[in-house]
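K.L.:
Contents of data09.txt (compact mmCIF, C-alpha atoms):
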# COMPACT_ATOMS: atom_id res chain seq x y z
CA MET A 1 -10.59 17.65 -89.48
CA SER A 2 -6.99 18.69 -89.85
CA LYS A 3 -4.65 18.54 -86.87
CA LEU A 4 -4.08 22.29 -87.06
CA LYS A 5 -7.81 22.98 -86.93
CA GLN A 6 -8.22 20.59 -83.97
CA LEU A 7 -5.34 22.31 -82.16
CA MET A 8 -6.83 25.76 -82.77
CA LEU A 9 -10.22 24.63 -81.45
CA ALA A 10 -8.60 23.13 -78.36
CA VAL A 11 -6.58 26.30 -77.69
CA GLY A 12 -9.69 28.45 -78.20
CA ALA A 13 -11.70 26.35 -75.76
CA LEU A 14 -8.89 26.49 -73.19
CA LEU A 15 -8.63 30.28 -73.50
CA ALA A 16 -12.39 30.65 -73.16
CA LEU A 17 -12.40 28.56 -69.99
CA SER A 18 -9.40 30.31 -68.48
CA GLY A 19 -10.93 33.68 -69.31
CA CYS A 20 -13.99 32.81 -67.27
CA GLN A 21 -11.76 31.85 -64.36
CA THR A 22 -9.81 35.10 -64.38
CA LEU A 23 -12.94 37.25 -64.49
CA ASN A 24 -14.31 35.85 -61.24
CA PRO A 25 -12.86 37.90 -58.34
CA GLU A 26 -13.52 35.01 -55.95
CA ASN A 27 -10.76 33.06 -57.74
CA ILE A 28 -8.09 35.69 -57.02
CA HIS A 29 -5.51 34.70 -54.41
CA THR A 30 -4.36 37.43 -52.05
CA SER A 31 -1.79 37.49 -49.27
CA ALA A 32 -4.03 39.44 -46.88
CA SER A 33 -4.51 38.05 -43.38
CA GLN A 34 -7.99 37.23 -42.12
CA SER A 35 -7.74 40.10 -39.63
CA THR A 36 -6.96 42.57 -42.45
CA ILE A 37 -9.87 41.24 -44.50
CA HIS A 38 -12.23 41.48 -41.53
CA MET A 39 -11.05 45.03 -40.76
CA ALA A 40 -11.71 46.05 -44.39
CA GLN A 41 -15.16 44.44 -44.30
CA VAL A 42 -16.07 46.47 -41.22
CA GLN A 43 -14.48 49.77 -42.29
CA LEU A 44 -15.82 49.71 -45.87
CA ALA A 45 -19.28 48.28 -45.16
CA ASP A 46 -21.09 51.61 -45.59
CA ILE A 47 -19.72 52.37 -49.06
CA PRO A 48 -22.23 51.06 -51.63
CA GLU A 49 -19.73 50.91 -54.52
CA LEU A 50 -17.41 48.61 -52.55
CA LYS A 51 -17.75 44.95 -51.66
CA VAL A 52 -15.08 43.15 -49.65
CA LEU A 53 -14.89 39.44 -50.46
CA ASP A 54 -13.77 36.80 -47.98
CA ASN A 55 -10.63 36.10 -50.04
CA GLY A 56 -9.30 39.65 -49.63
CA VAL A 57 -10.52 41.22 -52.87
CA ILE A 58 -12.18 44.63 -52.67
CA VAL A 59 -14.52 45.08 -55.64
CA PHE A 60 -15.27 48.65 -56.75
CA LYS A 61 -18.11 48.51 -59.26
CA ARG A 62 -19.89 51.17 -61.28
CA THR A 63 -22.58 50.46 -63.88
CA LEU A 64 -23.92 52.65 -66.68
CA PRO A 65 -27.69 53.05 -66.91
CA GLY A 66 -27.68 52.19 -70.62
CA GLY A 67 -29.16 54.24 -73.43
CA GLY A 68 -26.04 54.39 -75.58
CA VAL A 69 -23.90 56.08 -72.91
CA ARG A 70 -20.21 55.04 -72.89
CA TRP A 71 -17.44 55.17 -70.32
CA GLN A 72 -14.58 57.52 -71.25
CA SER A 73 -11.51 55.26 -71.09
CA SER A 74 -8.99 57.83 -69.86
CA THR A 75 -11.30 58.94 -67.04
CA VAL A 76 -12.11 55.38 -66.00
CA ILE A 77 -8.41 54.45 -65.84
CA LYS A 78 -7.56 57.60 -63.87
CA ILE A 79 -10.34 57.00 -61.33
CA SER A 80 -9.47 53.29 -61.05
CA ASN A 81 -5.82 54.11 -60.36
CA ASN A 82 -6.86 56.67 -57.76
CA VAL A 83 -9.32 54.37 -55.98
CA ALA A 84 -6.97 51.37 -55.83
CA CYS A 85 -3.56 52.97 -55.44
CA GLU A 86 -4.45 56.00 -53.34
CA SER A 87 -7.79 55.71 -51.54
CA LEU A 88 -7.52 51.97 -50.76
CA ARG A 89 -3.72 51.76 -50.79
CA GLU A 90 -3.35 50.76 -47.12
CA TYR A 91 -5.41 47.64 -47.79
CA VAL A 92 -3.38 46.90 -50.91
CA LYS A 93 -0.15 47.28 -48.91
CA HIS A 94 -1.47 44.61 -46.54
CA GLY A 95 -1.97 42.07 -49.31
CA MET A 96 -5.47 42.82 -50.53
CA VAL A 97 -6.35 43.20 -54.21
CA VAL A 98 -8.68 45.89 -55.56
CA ARG A 99 -10.75 45.03 -58.58
CA THR A 100 -12.30 47.95 -60.45
CA GLU A 101 -15.25 47.08 -62.67
CA TRP A 102 -16.88 49.57 -65.02
CA ALA A 103 -19.87 47.75 -66.50
CA GLY A 104 -21.50 48.91 -69.72
CA ASN A 105 -20.33 50.29 -73.07
CA SER A 106 -16.53 50.67 -73.15
CA GLY A 107 -16.38 48.77 -69.86
CA TYR A 108 -13.13 48.18 -68.02
CA ILE A 109 -11.91 45.66 -65.47
CA ARG A 110 -8.53 45.86 -63.73
CA ASP A 111 -7.05 44.12 -60.70
CA TYR A 112 -4.63 46.12 -58.56
CA ASP A 113 -2.09 44.64 -56.17
CA GLU A 114 0.89 46.34 -54.52
CA GLN A 115 3.22 45.49 -57.39
CA TYR A 116 0.88 47.03 -59.96
CA CYS A 117 0.40 50.19 -57.86
CA GLU A 118 4.16 50.54 -57.52
CA SER A 119 4.56 50.21 -61.30
CA ILE A 120 2.04 53.01 -61.82
CA GLU A 121 3.99 55.25 -59.43
CA THR A 122 7.26 54.42 -61.20
CA ASN A 123 5.80 55.23 -64.61
CA HIS A 124 4.35 58.55 -63.42
CA SER A 125 7.33 59.87 -61.47
Would you mind writing the structure in this file as structure tokens?
P.N.:
Amino acid sequence: MSKLKQLMLAVGALLALSGCQTLNPENIHTSASQSTIHMAQVQLADIPELKVLDNGVIVFKRTLPGGGVRWQSSTVIKISNNVACESLREYVKHGMVVRTEWAGNSGYIRDYDEQYCESIETNHS
């Protein structure tokens, strides 16, 4: 096997492994204090679409029922931005990260921290 082919296989394997790591919200590092995380766990416990992880990640997840239905990208992005950077902004300001997951056809995953929310505000003002 040529050296170039070996290198490409190694790079591909590395990217595949790192991709799996980045998709797991439990591997995200936040700067939220344990008291902030606990407060979020208590305050958001009754919202079925939200799950607050022990590392300070709030996961907002929606799933399509199937049957060929697709998410509309512009709507998903707009709702994700609203959930993370408006509705849950106080948690984000205190170091938490919001992950939005739209499972199904045309799915979408995005992680929001304070810096990303600020960049959205800057681009829309």
K.L.:
Just how far from atom CA of A:Gly67 is atom CA of A:Asn105, in Å to one decimal?
P.N.:
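Interatomic distance here is 9.7 Å.
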K.L.:
So which residues touch A:Asn81 within 9 Å, counting all atoms listed in the file, skipping near sequence neighbours fewer than 4 positions away, as a list in words?
P.N.:
Val76, Ile77, Cys85, Glu86, Thr100, Tyr112, Cys117 and Ile120 of chain A
K.L.:
Select, from A:Met39, A:Glu118, A:Pro25, A:Gly66, the residue with the minimum atom-to-atom distance to A:Glu101, counting only C-alpha atoms.
P.N.:
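Nearest candidate to A:Glu101 out of A:Met39, A:Glu118, A:Pro25, A:Gly66: A:Pro25.
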K.L.:
Restricting the calculation to all atoms listed in the file, which member of A:Met96, A:Thr75, A:Glu49, A:Gly107 is positioned closest to A:Gln34?
P.N.:
A:Met96
K.L.:
Contacts of A:Val59 at 10 Å or less, counting only C-alpha atoms, minus same-chain residues fewer than 3 places along, as a list in words?
P.N.:
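Residues near the query, excluding close chain neighbours: Pro25, Glu49, Leu50, Lys51, Val52, Leu53, Gly56, Arg62, Ala84, Val97, Val98, Arg99, Thr100, Glu101 and Asp111 of chain A.
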K.L.:
Which is closer to A:Lys61 than all the others in A:Thr30, A:Leu44, A:Arg89, A:Tyr108, using only C-alpha atoms?
P.N.:
A:Tyr108
K.L.:
With all atoms listed in the file as the basis for distance, which of A:Ser106, A:Gln115, A:Thr36, A:Asn82 is at the shortest distance from A:Arg70?
P.N.:
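Closest to A:Arg70 of all the choices is A:Ser106.
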K.L.:
Any idea what the distance is between atom CA of A:Gly95 and atom CA of A:Asn55?
P.N.:
10.5 Å
K.L.:
Under the rule that only C-alpha atoms are counted, which of A:Asp46, A:Asp54, A:Glu121, A:Glu90 is the nearest residue to A:Ile28?
P.N.:
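Nearest to A:Ile28: A:Asp54.
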K.L.:
Interatomic distance between atom CA of A:Asp113 and atom CA of A:Val83?
P.N.:
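Going from atom CA of A:Asp113 over to atom CA of A:Val83 covers 12.1 Å.
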K.L.:
Pick out the closest residue to A:Gly68 from this set: A:Ser80, A:Ala32, A:Arg110, A:Gly104. Count all atoms listed in the file.
P.N.:
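Result for the nearest residue to A:Gly68: A:Gly104.
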